[in-house]
Structures are given as C-alpha cells and as structure tokens.
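Trainee: Structure file entry_4.pdb, PDB, C-alpha atoms, is pasted below:
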```pdb
MODEL        1
ATOM      1  CA  MET A   1     110.956 131.925   8.813
ATOM      2  CA  LYS A   2     108.562 129.098   7.958
ATOM      3  CA  GLN A   3     105.051 129.858   6.856
ATOM      4  CA  GLN A   4     102.551 129.165   9.641
ATOM      5  CA  GLU A   5     101.027 125.705   9.352
ATOM      6  CA  ARG A   6      97.362 125.364   8.537
ATOM      7  CA  LEU A   7      95.107 124.652  11.443
ATOM      8  CA  ARG A   8      93.953 121.076  11.863
ATOM      9  CA  ASP A   9      90.381 119.962  12.394
ATOM     10  CA  GLY A  10      91.217 119.391  16.074
ATOM     11  CA  ASP A  11      92.282 123.043  16.408
ATOM     12  CA  TYR A  12      88.966 124.231  15.004
ATOM     13  CA  GLU A  13      87.146 121.821  17.286
ATOM     14  CA  ALA A  14      89.034 123.182  20.317
ATOM     15  CA  LEU A  15      88.332 126.791  19.307
ATOM     16  CA  ALA A  16      84.657 126.016  18.758
ATOM     17  CA  ASN A  17      84.447 124.202  22.128
ATOM     18  CA  LEU A  18      86.119 127.087  23.942
ATOM     19  CA  ARG A  19      83.774 129.645  22.376
ATOM     20  CA  TYR A  20      80.780 127.422  23.178
ATOM     21  CA  ARG A  21      81.812 127.137  26.836
ATOM     22  CA  ILE A  22      82.294 130.914  27.050
ATOM     23  CA  ARG A  23      78.831 131.496  25.536
ATOM     24  CA  ARG A  24      77.305 129.019  27.992
ATOM     25  CA  PHE A  25      78.934 130.799  30.903
ATOM     26  CA  ARG A  26      77.798 134.213  29.657
ATOM     27  CA  GLN A  27      74.252 132.892  29.272
ATOM     28  CA  PHE A  28      74.361 131.416  32.778
ATOM     29  CA  SER A  29      75.686 134.713  34.149
ATOM     30  CA  ALA A  30      73.013 136.807  32.439
ATOM     31  CA  LYS A  31      70.241 134.514  33.724
ATOM     32  CA  GLU A  32      71.561 134.632  37.290
ATOM     33  CA  ALA A  33      71.847 138.414  37.190
ATOM     34  CA  HIS A  34      68.343 138.742  35.741
ATOM     35  CA  ARG A  35      66.977 136.446  38.440
ATOM     36  CA  LEU A  36      68.263 138.942  41.017
ATOM     37  CA  GLY A  37      66.957 142.007  39.162
ATOM     38  CA  LEU A  38      70.086 143.062  37.279
ATOM     39  CA  THR A  39      70.968 143.227  33.625
ATOM     40  CA  ALA A  40      74.198 141.547  32.556
ATOM     41  CA  PRO A  41      75.970 144.929  32.099
ATOM     42  CA  GLN A  42      74.802 146.071  35.546
ATOM     43  CA  HIS A  43      76.202 142.908  37.097
ATOM     44  CA  GLN A  44      79.479 143.323  35.214
ATOM     45  CA  ALA A  45      79.720 146.937  36.384
ATOM     46  CA  LEU A  46      79.181 145.999  40.031
ATOM     47  CA  LEU A  47      81.768 143.240  39.748
ATOM     48  CA  ALA A  48      84.263 145.609  38.112
ATOM     49  CA  ILE A  49      83.814 148.123  40.940
ATOM     50  CA  LYS A  50      84.099 145.424  43.605
ATOM     51  CA  GLY A  51      87.111 143.899  41.871
ATOM     52  CA  GLN A  52      89.256 147.029  42.041
ATOM     53  CA  PRO A  53      92.530 146.407  43.882
ATOM     54  CA  ALA A  54      92.578 147.507  47.518
ATOM     55  CA  GLY A  55      93.085 151.235  47.836
ATOM     56  CA  LYS A  56      92.040 152.007  44.238
ATOM     57  CA  LYS A  57      88.837 153.841  43.439
ATOM     58  CA  MET A  58      86.712 153.256  40.336
ATOM     59  CA  SER A  59      85.680 156.250  38.246
ATOM     60  CA  ALA A  60      83.090 156.219  35.465
ATOM     61  CA  ARG A  61      85.919 156.584  32.934
ATOM     62  CA  MET A  62      87.718 153.567  34.390
ATOM     63  CA  LEU A  63      84.469 151.594  34.411
ATOM     64  CA  ALA A  64      83.936 152.325  30.709
ATOM     65  CA  GLU A  65      87.440 151.055  30.027
ATOM     66  CA  ARG A  66      86.994 147.907  32.125
ATOM     67  CA  LEU A  67      83.672 147.068  30.453
ATOM     68  CA  LEU A  68      84.936 147.910  26.959
ATOM     69  CA  MET A  69      82.182 150.445  26.338
ATOM     70  CA  ASP A  70      82.106 154.080  25.352
ATOM     71  CA  ARG A  71      81.916 156.706  28.073
ATOM     72  CA  LYS A  72      78.349 157.780  27.253
ATOM     73  CA  THR A  73      77.083 154.192  27.615
ATOM     74  CA  ALA A  74      79.014 153.785  30.870
ATOM     75  CA  ASP A  75      77.562 157.034  32.216
ATOM     76  CA  GLY A  76      74.058 155.721  31.471
ATOM     77  CA  LEU A  77      74.885 152.464  33.227
ATOM     78  CA  VAL A  78      76.220 154.348  36.249
ATOM     79  CA  GLN A  79      73.001 156.390  36.402
ATOM     80  CA  GLU A  80      70.886 153.204  36.249
ATOM     81  CA  LEU A  81      72.860 151.744  39.156
ATOM     82  CA  ILE A  82      72.511 154.964  41.160
ATOM     83  CA  ASP A  83      68.753 155.030  40.477
ATOM     84  CA  LYS A  84      68.450 151.414  41.683
ATOM     85  CA  ALA A  85      70.532 152.217  44.805
ATOM     86  CA  TYR A  86      73.341 149.804  43.892
ATOM     87  CA  ILE A  87      76.038 152.468  43.833
ATOM     88  CA  ASP A  88      76.628 155.969  45.012
ATOM     89  CA  VAL A  89      79.158 158.526  43.926
ATOM     90  CA  GLY A  90      81.680 160.169  46.204
ATOM     91  CA  PRO A  91      84.431 162.735  45.810
ATOM     92  CA  ALA A  92      87.859 161.394  44.937
ATOM     93  CA  ALA A  93      90.929 162.402  46.879
ATOM     94  CA  ALA A  94      92.549 163.377  43.558
ATOM     95  CA  GLY A  95      90.855 166.763  43.555
ATOM     96  CA  PRO A  96      87.695 168.704  42.926
ATOM     97  CA  GLY A  97      85.473 167.519  40.118
ATOM     98  CA  LYS A  98      86.798 163.960  40.354
ATOM     99  CA  GLN A  99      84.375 161.335  41.614
ATOM    100  CA  PHE A 100      84.519 157.650  42.340
ATOM    101  CA  LEU A 101      81.904 154.915  42.439
ATOM    102  CA  ARG A 102      81.061 153.045  45.627
ATOM    103  CA  LEU A 103      78.933 149.967  46.098
ATOM    104  CA  THR A 104      76.020 150.178  48.496
ATOM    105  CA  ASP A 105      75.167 147.451  50.992
ATOM    106  CA  LYS A 106      72.417 146.368  48.579
ATOM    107  CA  ALA A 107      75.012 145.847  45.834
ATOM    108  CA  GLU A 108      77.357 143.996  48.179
ATOM    109  CA  ALA A 109      74.560 141.582  49.111
ATOM    110  CA  VAL A 110      73.546 140.832  45.515
ATOM    111  CA  LEU A 111      77.193 140.444  44.461
ATOM    112  CA  ASP A 112      77.792 137.925  47.241
ATOM    113  CA  ARG A 113      74.926 135.804  45.930
ATOM    114  CA  LEU A 114      76.024 136.121  42.313
ATOM    115  CA  ALA A 115      79.687 135.449  43.037
ATOM    116  CA  SER A 116      78.858 132.224  44.878
ATOM    117  CA  ALA A 117      76.741 130.970  41.983
ATOM    118  CA  HIS A 118      79.368 132.008  39.429
ATOM    119  CA  LEU A 119      82.227 130.360  41.263
ATOM    120  CA  PHE A 120      80.233 127.143  41.511
ATOM    121  CA  GLU A 121      79.492 127.246  37.764
ATOM    122  CA  ILE A 122      83.106 128.033  36.857
ATOM    123  CA  ARG A 123      84.364 125.161  38.982
ATOM    124  CA  LYS A 124      81.841 122.859  37.298
ATOM    125  CA  MET A 125      82.940 124.014  33.820
ATOM    126  CA  ALA A 126      86.670 124.150  34.585
ATOM    127  CA  PRO A 127      87.626 120.688  33.280
ATOM    128  CA  GLU A 128      85.983 121.358  29.896
ATOM    129  CA  LEU A 129      87.509 124.839  29.629
ATOM    130  CA  MET A 130      90.936 123.602  30.632
ATOM    131  CA  GLN A 131      90.782 120.784  28.076
ATOM    132  CA  ALA A 132      89.952 123.189  25.245
ATOM    133  CA  LEU A 133      92.742 125.530  26.347
ATOM    134  CA  ARG A 134      95.204 122.627  26.667
ATOM    135  CA  VAL A 135      94.556 121.555  23.081
ATOM    136  CA  LEU A 136      95.134 125.097  21.842
ATOM    137  CA  GLN A 137      98.230 125.533  24.021
ATOM    138  CA  ASP A 138      99.699 122.226  22.850
ATOM    139  CA  ARG A 139      99.265 123.368  19.250
ATOM    140  CA  GLN A 140     101.094 126.636  19.999
ATOM    141  CA  ASN A 141     103.947 124.779  21.698
ATOM    142  CA  MET A 142     104.266 122.399  18.751
ATOM    143  CA  GLN A 143     104.446 125.338  16.339
ATOM    144  CA  ARG A 144     107.110 127.050  18.458
ATOM    145  CA  ILE A 145     109.237 123.894  18.537
ATOM    146  CA  ALA A 146     108.883 123.398  14.777
ATOM    147  CA  TRP A 147     109.915 127.005  14.156
ATOM    148  CA  MET A 148     113.046 126.600  16.298
ATOM    149  CA  GLN A 149     114.251 123.566  14.318
TER     150      GLN A 149
ENDMDL
END
```
In structure tokens, write the structure found in this file.
Mentor:
Amino acid sequence: MKQQERLRDGDYEALANLRYRIRRFRQFSAKEAHRLGLTAPQHQALLAIKGQPAGKKMSARMLAERLLMDRKTADGLVQELIDKAYIDVGPAAAGPGKQFLRLTDKAEAVLDRLASAHLFEIRKMAPELMQALRVLQDRQNMQRIAWMQ
C-alpha cells in the first residue's frame, strides 16, 4: 500500500473554511438561543428531544449520549429545563423507575422560532459549506483512485 500523500495547501484551506463556517453557525445558534432566553446546551437538548424519531421517547441517559456529555451534566441540564417549564418528565412504558422527557408547549413554541431562524441561516450558508466539503471530498476521491492504480 502506498504511503498517504501529504495534504496540499488547498486541503488545509478547505478544512479551515469548513471549521470557520461551523464556528460561525454555532455562534449564530448560541446568539439566537440566548435571545429567546436559552443557553446553547438548553437549546440543543430541546432539539434533541424534539428530533427523536416518531414513537421513541427520550430519557436523560439518551440525552446525555446525544449531546456528548456525561450523565451528571445532562441531569443538571434536564433539571434546568424542568425548572424553566420547558420539559416535564413522565413514566416510560418500559417499566417502573424508567422516565422519559417531554417538551412543554412553551418549549414547542420557542423551538419553532429557533428552527425557522436556523433553517434560514443554514440555507444561506449552504453554498459555502458545500464548497468546502466538495474540495475535501474531491481530495478523498483522488486518493482512492491513486491507491487503486
């Protein structure tokens, strides 16, 4: 097998551009959430709960996994959201002691506003993101072809 080729300046530029666009989006998202009275992690938690596939219930353990945080941090986040009346906790059908997280009407309303703003921003940023990804994908395809020869 051939040794992997060194990255070109254009590859570094594409990686840097992609990371920059991601940081810009995260900053936008945090500002929008803050404007509506949420922290970025609170917004991400509400979105994770809302984004569960139909028929699936979100537990605190699952939320910790989805948000890439430890269980203790997730439990604190859940309590914050309960205290602010964004979520409530109900019994799960799986058995006693199991609980799942539900969004309140207040959470649904704030998520609707945030989702609209986020979709608009993503659509605005899409060409730049897609260009950075295309450059990186083209590089991967070229390496794969060179390896096969």
Trainee: Can you list, as a count of residues only, every protein, DNA or RNA residue that comes within 8 Å of stretch 120-133 of chain A when you count only C-alpha atoms, leaving out same-chain residues fewer than 5 positions away?
Mentor: 6
Trainee: How many Å lie between atom CA of A:Leu67 and atom CA of A:Ala85, rounded to one decimal?
Mentor: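 Here the two named atoms are 20.1 Å from each other.
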Trainee: For A:Gln79, find every residue with an atom within 12 Å (counting all atoms listed in the file), except residues of its own chain fewer than 3 positions away, and show them as a list in words.
Mentor: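 My list of contacting residues is Gln42, Ala45, Ala60, Lys72, Thr73, Ala74, Asp75, Gly76, Ile82, Asp83, Lys84, Ala85, Tyr86, Ile87, Asp88, Val89 and Leu101 of chain A.
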Trainee: Give me, please, the distance in Å between atom CA of A:Leu136 and atom CA of A:Asp11, quoted to one decimal.
Mentor: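 A separation of 6.5 Å between them.
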Trainee: Take the PyMOL selection byres ((chain A and resi 52) around 12), run it mentally on this structure, and tell me the resulting residues as a list of chain:residue names.
Mentor: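 Those residues are A:Ala45, A:Leu46, A:Leu47, A:Ala48, A:Ile49, A:Lys50, A:Gly51, A:Pro53, A:Ala54, A:Gly55, A:Lys56, A:Lys57, A:Met58, A:Ser59, A:Met62, A:Leu63, A:Arg66, A:Phe100, A:Leu101, A:Arg102, A:Leu103.
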Trainee: Counting only C-alpha atoms, what is within 12 Å of A:Gly37, bar same-chain residues fewer than 4 positions away, as a list in words?
Mentor: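 Answer for this query is Ala30, Lys31, Glu32, Ala33, Pro41, Gln42, His43, Leu81, Lys84, Tyr86, Lys106, Ala107, Val110, Leu111 and Leu114 of chain A.
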Trainee: Can you measure atom CA of A:Arg24 to atom CA of A:Gln137 for me? One decimal in Å is fine.
Mentor: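 Those two atoms sit 21.6 Å apart.
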Trainee: For A:Arg113, which residue out of A:Val135, A:Leu68, A:Ile22, A:Leu36 is the nearest one, using all atoms listed in the file?
Mentor: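 Nearest to A:Arg113: A:Leu36.
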Trainee: Kindly indicate which residue among A:Arg26, A:Arg19, A:His34, A:Lys98 lies nearest to A:Arg61, using all atoms listed in the file for the distances.
Mentor: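 Ranked by minimum distance to A:Arg61, first place goes to A:Lys98.
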